[in-house]
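First comes the structure, then the notes that go with it.
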Amino acid sequence: MRLSTRVGLAVGCTVPLLVLASGWLLTHLVARDLHRAGDQHLRQRAAAIAPDARALLRASAGNRPRAADLRERQLFSAALDVGVRVQGPDGVFSGGPQPGPSARLPERATGPVTVRDGARSWRGLARPVRGGTLWVFAPDTADRAQVLLVRRRVVFTALLAAPASGVLAWALAGGVSAPLRRLTRRTAGLDPRTSGVRLEPERTGVTEVDELSSTLRTVLARYDEQAARTAEALDTARSFSSAAAHELRTPLMSMGTNLDVLGLPCLPDADRDEALADLRLEHARLQHLLVMLRELGRGDLVEAETFDAVDLADLADTAVAEVRRRDRGADIALDAETGLTVPGWEPGLRLLLDNLLANALAHGRDPAGVARIRVEVRRAGQEAVVVVADQGPGIPPASRQRLFERFQRGPDSTGSGLGLTLVAQQAALHRGGVGVTDGPHGAGARFEVCLPLDGTGVPGRRDWLIGTAASGGPGAGTNRSQSFPKDAS
């Protein structure tokens, strides 16, 4: 059912009810006013004929028949349009329109009362006079006729108002709902699955229609955002499986070869031990690679709703304590500014610190084989700076350009090639950057991560596991960027 039809029916049913309710109130008020006017007339007539009633009672009490007859005629002549009944100790004198003798009158009445005589009703007023009681009566037929007339007119108005108000409301609702019909026509052809066309803002002057149009635009925008997130998730899943298949092929083939070797009869113990050691190494590498790919996928799919205030000093202290526990021979110094917080994803920032420390442990040992690592967390203007420096062989400037790409490993590295990619991903995720330079006094490598203290959420593009992102960034003599080129392999 159309909205205009609903409005027309609703108004057509409501208006007669309102008319009837108003008519009932009007009828009640009219009846009360008529009663008041009649009662006032009775009081006036009673006050006018009270002297004649007293004279009649005195003449009757003095046993003067002629005088009583004269006073009675005078009384009835003065009564005019009301009925009169005088009750005294010597009898009852009555004349004019009034209830019959069988009608019961109240013994005490302080004001006008209604007296019923069969099907008729009367308004009566009692007034005490010396020696008896004066009653005056007036029929209320005229009052009831006027009230009945008012009721009939109210009912007639209600019956007339029902169709008239319904048709008028239907016509007005049709005009008011015209902007809604236009909005319906505009949205009927929109298909977010096949077209990128969306509703353009258009003011109609009807607040509800404008709000509905704004809500539809918001819903479509959320649909587009959710569709983009779903596409990103699917691309991430495809890239995960592709990268895993590509990177796992070589170690799996190596493990297969070793298993074939272990299956040879009469295999020397030395060869068997070497094959088992290779298997354990390849197994650990596979496990580490899968963990890194999983973390890279999590970073690509994280949302701004997961961001919260993170205490970098406390996070760095926890990460350094964990490394010291794993490698008690490492020399790790921490200099952290307390109370330094950034808006971020805490698991991602912890992953950033863990991978920088793991990289320093693996590649930052001095000629004596000792890992000497310096970690610094400080504020620099509107940024928080995290520095991890080692005293290893360092990184040649020519290799720094591709250092943060996926699966980039040094010639002697047994890692997954994703550790520093995860560092770059988390830096970009927090709208920061990471760069690498020579270490203190020109020895070793120095990684510096800059994170804004007033970050506003995750960037719009997150494709570290999927494929490529444009490189670039500030910093002289460094390779600092928020995103780095990725290999498609």
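Following the order of the structure tokens, first chain is A, next is B, and so on, with residues numbered from 1 inside each chain and ligands from 1 in the order they appear.
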Who sits within 12 Å of stretch 144-147 of chain A, only C-alpha atoms, same chain under 2 positions skipped, as a short mmCIF file (atom, residue, chain, number, x, y, z; two decimals) with C-alpha atoms, in the first residue's frame:
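around.cif, written as the output of this step:
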data_model
loop_
_atom_site.label_atom_id
_atom_site.label_comp_id
_atom_site.auth_asym_id
_atom_site.auth_seq_id
_atom_site.Cartn_x
_atom_site.Cartn_y
_atom_site.Cartn_z
CA GLY A 23 -18.96 17.01 19.46
CA TRP A 24 -19.43 15.06 22.67
CA LEU A 25 -17.64 17.79 24.57
CA LEU A 26 -19.66 20.47 22.76
CA THR A 27 -22.93 18.65 23.50
CA HIS A 28 -22.02 18.39 27.15
CA LEU A 29 -21.20 22.10 27.32
CA VAL A 30 -24.40 23.09 25.46
CA ALA A 31 -26.54 20.93 27.80
CA ARG A 32 -24.88 22.47 30.83
CA ASP A 33 -25.40 26.00 29.50
CA LEU A 34 -29.08 25.29 28.73
CA HIS A 35 -29.59 23.91 32.23
CA GLY A 38 -33.33 27.32 32.67
CA ARG A 120 -41.06 13.19 30.81
CA SER A 121 -38.65 15.13 32.94
CA TRP A 122 -38.92 18.52 34.57
CA ARG A 123 -36.60 20.99 36.18
CA PRO A 139 -40.27 21.16 31.23
CA ASP A 140 -36.79 20.41 29.83
CA THR A 141 -38.17 19.23 26.50
CA ALA A 142 -36.81 22.26 24.68
CA LEU A 149 -30.03 18.80 17.37
CA VAL A 150 -26.43 19.50 18.26
CA ARG A 151 -25.69 15.77 18.40
CA ARG A 152 -27.20 15.20 14.96
CA ARG A 153 -25.14 17.97 13.48
CA VAL A 154 -21.99 16.58 15.07
#
Please identify which residues in stretch 115-232 of chain A DSSP calls alpha helix (DSSP H) from the backbone, and express them as an MDAnalysis selection string. chainID A and resid 141:176 178:188 207:232
Hey, what's within 7 Å of stretch 444-451 of chain A if we count only C-alpha atoms and toss same-chain stuff fewer than 4 positions away? As a short mmCIF file (atom, residue, chain, number, x, y, z; two decimals) with all heavy atoms, in the first residue's frame, please?
data_model
loop_
_atom_site.label_atom_id
_atom_site.label_comp_id
_atom_site.auth_asym_id
_atom_site.auth_seq_id
_atom_site.Cartn_x
_atom_site.Cartn_y
_atom_site.Cartn_z
N GLY A 364 74.59 -8.42 13.50
CA GLY A 364 75.30 -7.29 14.09
C GLY A 364 76.35 -7.68 15.10
O GLY A 364 76.60 -6.90 16.05
N GLU A 383 57.47 13.52 16.75
CA GLU A 383 57.66 12.11 16.42
C GLU A 383 58.32 11.39 17.59
O GLU A 383 59.03 11.98 18.40
CB GLU A 383 58.53 11.95 15.18
CG GLU A 383 57.88 12.42 13.88
CD GLU A 383 58.77 12.15 12.68
OE1 GLU A 383 60.02 12.28 12.83
OE2 GLU A 383 58.24 11.82 11.62
N ALA A 384 58.05 10.09 17.63
CA ALA A 384 58.78 9.20 18.53
C ALA A 384 59.80 8.43 17.68
O ALA A 384 59.47 7.92 16.61
CB ALA A 384 57.82 8.23 19.21
N VAL A 385 61.03 8.38 18.15
CA VAL A 385 62.12 7.77 17.40
C VAL A 385 62.60 6.53 18.14
O VAL A 385 62.88 6.59 19.35
CB VAL A 385 63.29 8.75 17.19
CG1 VAL A 385 64.43 8.08 16.44
CG2 VAL A 385 62.81 9.99 16.44
N VAL A 386 62.69 5.41 17.42
CA VAL A 386 63.22 4.16 17.95
C VAL A 386 64.47 3.82 17.15
O VAL A 386 64.42 3.71 15.91
CB VAL A 386 62.19 3.02 17.84
CG1 VAL A 386 62.79 1.72 18.37
CG2 VAL A 386 60.92 3.38 18.60
N VAL A 387 65.60 3.69 17.82
CA VAL A 387 66.88 3.41 17.18
C VAL A 387 67.42 2.08 17.70
O VAL A 387 67.44 1.84 18.91
CB VAL A 387 67.90 4.54 17.45
CG1 VAL A 387 69.25 4.19 16.85
CG2 VAL A 387 67.38 5.87 16.90
N VAL A 388 67.83 1.22 16.76
CA VAL A 388 68.52 -0.03 17.09
C VAL A 388 69.83 -0.05 16.31
O VAL A 388 69.82 -0.10 15.07
CB VAL A 388 67.65 -1.26 16.76
CG1 VAL A 388 68.43 -2.54 17.05
CG2 VAL A 388 66.34 -1.23 17.54
N ALA A 389 70.94 0.03 17.01
CA ALA A 389 72.28 0.09 16.37
C ALA A 389 73.11 -1.10 16.84
O ALA A 389 73.03 -1.52 17.99
CB ALA A 389 72.96 1.41 16.72
N ASP A 390 73.91 -1.62 15.91
CA ASP A 390 74.80 -2.74 16.24
C ASP A 390 76.21 -2.40 15.78
O ASP A 390 76.45 -1.35 15.18
CB ASP A 390 74.29 -4.04 15.59
CG ASP A 390 74.23 -3.95 14.07
OD1 ASP A 390 75.28 -3.71 13.44
OD2 ASP A 390 73.12 -4.10 13.50
N GLN A 391 77.17 -3.30 16.06
CA GLN A 391 78.57 -3.10 15.69
C GLN A 391 79.06 -4.23 14.80
O GLN A 391 80.22 -4.65 14.86
CB GLN A 391 79.43 -3.00 16.96
CG GLN A 391 79.09 -1.80 17.83
CD GLN A 391 80.02 -1.66 19.02
OE1 GLN A 391 81.05 -2.33 19.12
NE2 GLN A 391 79.66 -0.77 19.94
N GLY A 392 78.13 -4.66 13.92
CA GLY A 392 78.49 -5.72 12.99
C GLY A 392 79.19 -5.18 11.76
O GLY A 392 79.69 -4.04 11.74
N PRO A 393 79.20 -5.95 10.67
CA PRO A 393 79.89 -5.52 9.45
C PRO A 393 79.17 -4.40 8.72
O PRO A 393 79.75 -3.79 7.81
CB PRO A 393 79.90 -6.80 8.61
CG PRO A 393 78.75 -7.60 9.12
CD PRO A 393 78.68 -7.32 10.57
N GLY A 394 77.93 -4.08 9.10
CA GLY A 394 77.20 -3.00 8.44
C GLY A 394 76.55 -3.45 7.15
O GLY A 394 76.65 -4.61 6.73
N ILE A 395 75.88 -2.50 6.50
CA ILE A 395 75.15 -2.78 5.25
C ILE A 395 75.67 -1.83 4.18
O ILE A 395 75.64 -0.60 4.36
CB ILE A 395 73.64 -2.58 5.44
CG1 ILE A 395 73.13 -3.50 6.56
CG2 ILE A 395 72.88 -2.85 4.15
CD1 ILE A 395 71.70 -3.25 6.93
N ALA A 427 56.01 0.18 10.32
CA ALA A 427 56.30 1.62 10.32
C ALA A 427 55.32 2.35 9.42
O ALA A 427 54.78 3.41 9.78
CB ALA A 427 57.74 1.85 9.86
N HIS A 430 51.74 2.62 10.80
CA HIS A 430 51.57 3.67 11.81
C HIS A 430 51.92 5.04 11.26
O HIS A 430 52.22 5.97 12.00
CB HIS A 430 52.44 3.35 13.03
CG HIS A 430 51.99 2.14 13.79
ND1 HIS A 430 52.26 0.86 13.38
CD2 HIS A 430 51.26 2.03 14.92
CE1 HIS A 430 51.72 -0.01 14.24
NE2 HIS A 430 51.11 0.68 15.19
N ARG A 431 51.91 5.16 9.91
CA ARG A 431 52.18 6.42 9.22
C ARG A 431 53.56 6.98 9.59
O ARG A 431 53.73 8.19 9.74
CB ARG A 431 51.08 7.45 9.51
CG ARG A 431 49.72 7.01 8.99
CD ARG A 431 48.76 8.17 8.91
NE ARG A 431 47.47 7.73 8.36
CZ ARG A 431 47.17 7.65 7.08
NH1 ARG A 431 48.07 7.99 6.18
NH2 ARG A 431 45.98 7.24 6.68
N GLY A 432 54.49 6.09 9.74
CA GLY A 432 55.87 6.50 10.01
C GLY A 432 56.80 6.02 8.92
O GLY A 432 56.38 5.71 7.80
N GLY A 433 58.07 5.93 9.24
CA GLY A 433 59.06 5.49 8.26
C GLY A 433 60.23 4.84 8.97
O GLY A 433 60.44 4.99 10.17
N VAL A 434 61.00 4.08 8.21
CA VAL A 434 62.18 3.40 8.74
C VAL A 434 63.34 3.65 7.78
O VAL A 434 63.16 3.64 6.56
CB VAL A 434 61.92 1.89 8.94
CG1 VAL A 434 61.49 1.22 7.65
CG2 VAL A 434 63.16 1.20 9.52
N GLY A 435 64.51 3.89 8.34
CA GLY A 435 65.70 4.11 7.52
C GLY A 435 66.90 3.41 8.13
O GLY A 435 66.90 3.04 9.31
N VAL A 436 67.93 3.22 7.33
CA VAL A 436 69.14 2.56 7.80
C VAL A 436 70.35 3.37 7.36
O VAL A 436 70.42 3.85 6.22
CB VAL A 436 69.22 1.10 7.27
CG1 VAL A 436 69.17 1.07 5.74
CG2 VAL A 436 70.47 0.40 7.78
N THR A 437 71.30 3.55 8.28
CA THR A 437 72.55 4.25 8.01
C THR A 437 73.68 3.46 8.65
O THR A 437 73.46 2.39 9.24
CB THR A 437 72.52 5.67 8.59
OG1 THR A 437 72.31 5.61 10.01
CG2 THR A 437 71.39 6.50 7.96
N ASP A 438 74.89 4.01 8.55
CA ASP A 438 76.02 3.39 9.24
C ASP A 438 75.85 3.55 10.74
O ASP A 438 75.25 4.52 11.23
CB ASP A 438 77.33 4.04 8.80
CG ASP A 438 77.65 3.72 7.35
OD1 ASP A 438 77.24 2.63 6.88
OD2 ASP A 438 78.30 4.56 6.68
N GLY A 439 76.43 2.61 11.48
CA GLY A 439 76.35 2.65 12.93
C GLY A 439 77.28 3.71 13.52
O GLY A 439 77.92 4.49 12.80
#
Neighbours of A:Asp327 within 12 Å (only C-alpha atoms; same-chain residues fewer than 3 positions away dropped), as a list in words?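 Here the qualifying residues turn out to be Val320, Ala321, Glu322, Val323, Arg324, Ala330, Asp331, Ile332, Leu357, Ala358, Leu361, Ala362, Val370, Ala371 and Arg372 of chain A.
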Restricting the output to C-alpha atoms, write the selected residues as a PDB file, in the first residue's frame.
ATOM      1  CA  VAL A 320      64.926  -6.181  25.296  1.00  0.00           C
ATOM      2  CA  ALA A 321      64.341  -8.323  28.415  1.00  0.00           C
ATOM      3  CA  GLU A 322      63.093 -11.165  26.198  1.00  0.00           C
ATOM      4  CA  VAL A 323      66.196 -10.981  23.967  1.00  0.00           C
ATOM      5  CA  ARG A 324      68.492 -10.917  26.999  1.00  0.00           C
ATOM      6  CA  ALA A 330      74.543 -10.432  24.126  1.00  0.00           C
ATOM      7  CA  ASP A 331      75.446  -6.917  25.259  1.00  0.00           C
ATOM      8  CA  ILE A 332      72.181  -4.924  24.922  1.00  0.00           C
ATOM      9  CA  LEU A 357      66.524  -6.895  17.633  1.00  0.00           C
ATOM     10  CA  ALA A 358      66.527 -10.304  15.895  1.00  0.00           C
ATOM     11  CA  LEU A 361      71.481 -10.427  16.855  1.00  0.00           C
ATOM     12  CA  ALA A 362      71.837 -12.301  13.556  1.00  0.00           C
ATOM     13  CA  VAL A 370      79.550 -10.784  20.528  1.00  0.00           C
ATOM     14  CA  ALA A 371      76.297  -8.978  19.703  1.00  0.00           C
ATOM     15  CA  ARG A 372      76.621  -5.381  20.969  1.00  0.00           C
TER      16      ARG A 372
END
Considering only C-alpha atoms, return as a ChimeraX atom specification whatever protein or nucleic-acid residues lie within 8 Å of A:Val7, sequence-local ones (same chain, fewer than 2 positions apart) excluded. /A:3-5,9-11,166,169-170,173
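Taking atom CA of A:Val136 as the reference point, atom CA of A:Val82 is found at 6.3 Å.
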Could you pull out all residues of stretch 261-425 of chain A with a DSSP call of strand (DSSP E) and give them as a PyMOL selection string? chain A and resi 308-311+331-336+341-344+372-380+383-390
Who sits within 12 Å of A:Leu349, only C-alpha atoms, same chain under 5 positions skipped, as a tab-separated table (two decimals) with all heavy atoms, in the first residue's frame:
chain	number	residue	atom	x	y	z
A	295	GLU	N	52.28	-13.15	10.06
A	295	GLU	CA	52.35	-11.81	10.65
A	295	GLU	C	52.23	-10.73	9.59
A	295	GLU	O	51.62	-9.68	9.82
A	295	GLU	CB	53.66	-11.66	11.43
A	295	GLU	CG	53.80	-12.61	12.61
A	295	GLU	CD	52.70	-12.42	13.64
A	295	GLU	OE1	52.13	-11.32	13.70
A	295	GLU	OE2	52.39	-13.38	14.35
A	299	GLY	N	49.26	-7.83	9.45
A	299	GLY	CA	49.52	-6.40	9.31
A	299	GLY	C	48.78	-5.78	8.15
A	299	GLY	O	48.31	-4.65	8.24
A	307	PHE	N	43.68	0.33	17.12
A	307	PHE	CA	44.73	1.22	17.60
A	307	PHE	C	44.38	1.75	18.99
A	307	PHE	O	43.21	2.03	19.29
A	307	PHE	CB	44.92	2.39	16.63
A	307	PHE	CG	45.81	2.06	15.45
A	307	PHE	CD1	45.78	0.81	14.85
A	307	PHE	CD2	46.69	3.00	14.95
A	307	PHE	CE1	46.59	0.51	13.78
A	307	PHE	CE2	47.51	2.70	13.87
A	307	PHE	CZ	47.46	1.45	13.28
A	308	ASP	N	45.43	1.91	19.80
A	308	ASP	CA	45.27	2.44	21.14
A	308	ASP	C	46.59	3.10	21.54
A	308	ASP	O	47.58	3.00	20.82
A	308	ASP	CB	44.89	1.31	22.11
A	308	ASP	CG	44.24	1.84	23.38
A	308	ASP	OD1	44.14	3.08	23.52
A	308	ASP	OD2	43.83	1.02	24.22
A	309	ALA	N	46.58	3.75	22.68
A	309	ALA	CA	47.81	4.39	23.17
A	309	ALA	C	48.79	3.30	23.62
A	309	ALA	O	48.45	2.45	24.45
A	309	ALA	CB	47.50	5.35	24.31
A	310	VAL	N	50.00	3.34	23.09
A	310	VAL	CA	51.03	2.33	23.39
A	310	VAL	C	52.23	3.05	24.01
A	310	VAL	O	52.73	4.03	23.45
A	310	VAL	CB	51.45	1.58	22.12
A	310	VAL	CG1	52.52	0.54	22.45
A	310	VAL	CG2	50.24	0.92	21.46
A	311	ASP	N	52.69	2.54	25.15
A	311	ASP	CA	53.88	3.08	25.82
A	311	ASP	C	55.11	2.44	25.19
A	311	ASP	O	55.40	1.26	25.41
A	311	ASP	CB	53.81	2.76	27.32
A	311	ASP	CG	54.89	3.50	28.11
A	311	ASP	OD1	55.99	3.72	27.55
A	311	ASP	OD2	54.64	3.85	29.27
A	312	LEU	N	55.82	3.22	24.37
A	312	LEU	CA	56.98	2.67	23.64
A	312	LEU	C	58.10	2.26	24.58
A	312	LEU	O	58.78	1.25	24.35
A	312	LEU	CB	57.50	3.70	22.64
A	312	LEU	CG	56.77	3.78	21.29
A	312	LEU	CD1	57.43	4.83	20.41
A	312	LEU	CD2	56.76	2.43	20.60
A	313	ALA	N	58.33	3.06	25.63
A	313	ALA	CA	59.41	2.72	26.57
A	313	ALA	C	59.14	1.38	27.24
A	313	ALA	O	60.05	0.53	27.35
A	313	ALA	CB	59.55	3.83	27.60
A	314	ASP	N	57.93	1.18	27.69
A	314	ASP	CA	57.59	-0.08	28.35
A	314	ASP	C	57.66	-1.24	27.36
A	314	ASP	O	58.14	-2.34	27.69
A	314	ASP	CB	56.17	0.04	28.93
A	314	ASP	CG	55.78	-1.22	29.69
A	314	ASP	OD1	56.41	-1.51	30.71
A	314	ASP	OD2	54.82	-1.90	29.25
A	315	LEU	N	57.21	-1.02	26.12
A	315	LEU	CA	57.27	-2.07	25.11
A	315	LEU	C	58.71	-2.43	24.77
A	315	LEU	O	59.06	-3.62	24.62
A	315	LEU	CB	56.52	-1.59	23.86
A	315	LEU	CG	56.05	-2.67	22.88
A	315	LEU	CD1	54.98	-3.53	23.53
A	315	LEU	CD2	55.48	-2.04	21.62
A	316	ALA	N	59.57	-1.43	24.63
A	316	ALA	CA	60.99	-1.69	24.33
A	316	ALA	C	61.66	-2.42	25.48
A	316	ALA	O	62.49	-3.32	25.26
A	316	ALA	CB	61.70	-0.37	24.05
A	318	THR	N	60.28	-4.53	27.54
A	318	THR	CA	59.84	-5.92	27.51
A	318	THR	C	60.55	-6.69	26.39
A	318	THR	O	60.99	-7.84	26.59
A	318	THR	CB	58.31	-5.98	27.29
A	318	THR	OG1	57.66	-5.23	28.32
A	318	THR	CG2	57.81	-7.40	27.32
A	319	ALA	N	60.68	-6.07	25.20
A	319	ALA	CA	61.34	-6.74	24.07
A	319	ALA	C	62.81	-7.00	24.38
A	319	ALA	O	63.35	-8.08	24.09
A	319	ALA	CB	61.20	-5.91	22.81
A	341	THR	N	54.27	7.80	24.63
A	341	THR	CA	53.21	6.97	24.06
A	341	THR	C	52.88	7.42	22.64
A	341	THR	O	53.00	8.60	22.31
A	341	THR	CB	51.93	7.03	24.91
A	341	THR	OG1	51.45	8.37	24.94
A	341	THR	CG2	52.19	6.55	26.33
A	342	VAL	N	52.50	6.46	21.82
A	342	VAL	CA	52.07	6.74	20.45
A	342	VAL	C	50.77	5.98	20.20
A	342	VAL	O	50.52	4.93	20.80
A	342	VAL	CB	53.13	6.30	19.42
A	342	VAL	CG1	54.40	7.08	19.58
A	342	VAL	CG2	53.38	4.80	19.51
A	343	PRO	N	49.90	6.49	19.31
A	343	PRO	CA	48.71	5.72	18.94
A	343	PRO	C	49.11	4.60	17.99
A	343	PRO	O	49.72	4.86	16.95
A	343	PRO	CB	47.81	6.75	18.26
A	343	PRO	CG	48.75	7.80	17.75
A	343	PRO	CD	49.91	7.83	18.71
A	344	GLY	N	48.81	3.38	18.34
A	344	GLY	CA	49.25	2.30	17.47
A	344	GLY	C	48.66	0.96	17.85
A	344	GLY	O	47.88	0.81	18.80
A	354	ASP	N	60.86	-6.60	17.93
A	354	ASP	CA	61.42	-7.95	17.96
A	354	ASP	C	62.24	-8.24	16.71
A	354	ASP	O	63.33	-8.84	16.79
A	354	ASP	CB	60.30	-8.98	18.09
A	354	ASP	CG	59.68	-8.99	19.49
A	354	ASP	OD1	60.32	-8.44	20.42
A	354	ASP	OD2	58.57	-9.54	19.64
A	355	ASN	N	61.76	-7.82	15.53
A	355	ASN	CA	62.49	-8.11	14.30
A	355	ASN	C	63.75	-7.27	14.16
A	355	ASN	O	64.76	-7.73	13.62
A	355	ASN	CB	61.57	-7.91	13.11
A	355	ASN	CG	60.65	-9.09	12.87
A	355	ASN	OD1	61.04	-10.10	12.28
A	355	ASN	ND2	59.42	-8.98	13.35
A	356	LEU	N	63.70	-6.01	14.62
A	356	LEU	CA	64.93	-5.20	14.61
A	356	LEU	C	65.98	-5.81	15.53
A	356	LEU	O	67.17	-5.88	15.17
A	356	LEU	CB	64.62	-3.77	15.05
A	356	LEU	CG	63.91	-2.88	14.01
A	356	LEU	CD1	63.60	-1.52	14.62
A	356	LEU	CD2	64.77	-2.71	12.76
A	386	VAL	N	62.69	5.41	17.42
A	386	VAL	CA	63.22	4.16	17.95
A	386	VAL	C	64.47	3.82	17.15
A	386	VAL	O	64.42	3.71	15.91
A	386	VAL	CB	62.19	3.02	17.84
A	386	VAL	CG1	62.79	1.72	18.37
A	386	VAL	CG2	60.92	3.38	18.60
A	422	LEU	N	58.64	-6.85	7.58
A	422	LEU	CA	57.66	-6.63	8.65
A	422	LEU	C	57.94	-5.32	9.38
A	422	LEU	O	57.01	-4.61	9.77
A	422	LEU	CB	57.70	-7.80	9.63
A	422	LEU	CG	56.97	-9.06	9.18
A	422	LEU	CD1	57.35	-10.23	10.07
A	422	LEU	CD2	55.47	-8.84	9.20
A	423	VAL	N	59.20	-4.97	9.57
A	423	VAL	CA	59.54	-3.69	10.21
A	423	VAL	C	59.02	-2.52	9.36
A	423	VAL	O	58.39	-1.58	9.87
A	423	VAL	CB	61.06	-3.59	10.42
A	423	VAL	CG1	61.45	-2.19	10.89
A	423	VAL	CG2	61.53	-4.64	11.42
A	424	ALA	N	59.30	-2.59	8.04
A	424	ALA	CA	58.83	-1.51	7.15
A	424	ALA	C	57.31	-1.46	7.11
A	424	ALA	O	56.70	-0.39	7.07
A	424	ALA	CB	59.40	-1.73	5.75
A	425	GLN	N	56.67	-2.63	7.10
A	425	GLN	CA	55.20	-2.66	7.07
A	425	GLN	C	54.61	-1.99	8.30
A	425	GLN	O	53.70	-1.16	8.20
A	425	GLN	CB	54.71	-4.11	6.99
A	425	GLN	CG	53.18	-4.21	6.94
A	425	GLN	CD	52.70	-5.58	7.39
A	425	GLN	OE1	53.12	-6.10	8.42
A	425	GLN	NE2	51.83	-6.17	6.58
A	426	GLN	N	55.12	-2.32	9.48
A	426	GLN	CA	54.57	-1.75	10.70
A	426	GLN	C	54.86	-0.25	10.80
A	426	GLN	O	54.04	0.52	11.30
A	426	GLN	CB	55.12	-2.49	11.93
A	426	GLN	CG	54.65	-3.93	12.04
A	426	GLN	CD	53.14	-4.02	12.07
A	426	GLN	OE1	52.46	-3.20	12.70
A	426	GLN	NE2	52.59	-5.01	11.38
A	427	ALA	N	56.01	0.18	10.32
A	427	ALA	CA	56.30	1.62	10.32
A	427	ALA	C	55.32	2.35	9.42
A	427	ALA	O	54.78	3.41	9.78
A	427	ALA	CB	57.74	1.85	9.86
A	428	ALA	N	55.07	1.81	8.23
A	428	ALA	CA	54.12	2.44	7.31
A	428	ALA	C	52.70	2.37	7.85
A	428	ALA	O	51.90	3.29	7.69
A	428	ALA	CB	54.19	1.78	5.94
A	429	LEU	N	52.37	1.25	8.51
A	429	LEU	CA	51.03	1.08	9.07
A	429	LEU	C	50.72	2.16	10.10
A	429	LEU	O	49.58	2.60	10.24
A	429	LEU	CB	50.93	-0.31	9.71
A	429	LEU	CG	49.53	-0.79	10.09
A	429	LEU	CD1	48.71	-1.02	8.84
A	429	LEU	CD2	49.63	-2.07	10.90
A	430	HIS	N	51.74	2.62	10.80
A	430	HIS	CA	51.57	3.67	11.81
A	430	HIS	C	51.92	5.04	11.26
A	430	HIS	O	52.22	5.97	12.00
A	430	HIS	CB	52.44	3.35	13.03
A	430	HIS	CG	51.99	2.14	13.79
A	430	HIS	ND1	52.26	0.86	13.38
A	430	HIS	CD2	51.26	2.03	14.92
A	430	HIS	CE1	51.72	-0.01	14.24
A	430	HIS	NE2	51.11	0.68	15.19
A	432	GLY	N	54.49	6.09	9.74
A	432	GLY	CA	55.87	6.50	10.01
A	432	GLY	C	56.80	6.02	8.92
A	432	GLY	O	56.38	5.71	7.80
A	449	VAL	N	63.51	4.21	13.32
A	449	VAL	CA	62.08	4.21	13.02
A	449	VAL	C	61.47	5.48	13.61
A	449	VAL	O	61.67	5.77	14.79
A	449	VAL	CB	61.38	2.97	13.60
A	449	VAL	CG1	59.87	3.02	13.31
A	449	VAL	CG2	61.99	1.70	13.04
A	450	CYS	N	60.74	6.23	12.79
A	450	CYS	CA	60.07	7.45	13.24
A	450	CYS	C	58.55	7.24	13.17
A	450	CYS	O	58.03	6.85	12.12
A	450	CYS	CB	60.46	8.64	12.38
A	450	CYS	SG	62.22	9.06	12.48
A	451	LEU	N	57.88	7.49	14.29
A	451	LEU	CA	56.44	7.31	14.38
A	451	LEU	C	55.80	8.61	14.84
A	451	LEU	O	56.24	9.20	15.83
A	451	LEU	CB	56.09	6.19	15.37
A	451	LEU	CG	56.71	4.82	15.11
A	451	LEU	CD1	56.39	3.88	16.25
A	451	LEU	CD2	56.21	4.26	13.79
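Between atom CA of A:Glu274 and atom CA of A:Leu259 lies a distance of 11.6 Å.
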Could you tell me how far atom CA of A:Arg350 lies from atom CA of A:Gly419, in Å and to one decimal? 12.6 Å
Tell me which protein, DNA and RNA residues are within 10 Å of A:Ser213, counting only C-alpha atoms, leaving out same-chain ones fewer than 2 positions away, and put them as an MDAnalysis selection string. chainID A and resid 180 183:184 187 199:204 207:211 215:219
In terms of only C-alpha atoms, the residue from A:Leu134, A:Gly118, A:Leu105, A:Val155 at minimal distance from A:Val86 is A:Leu134
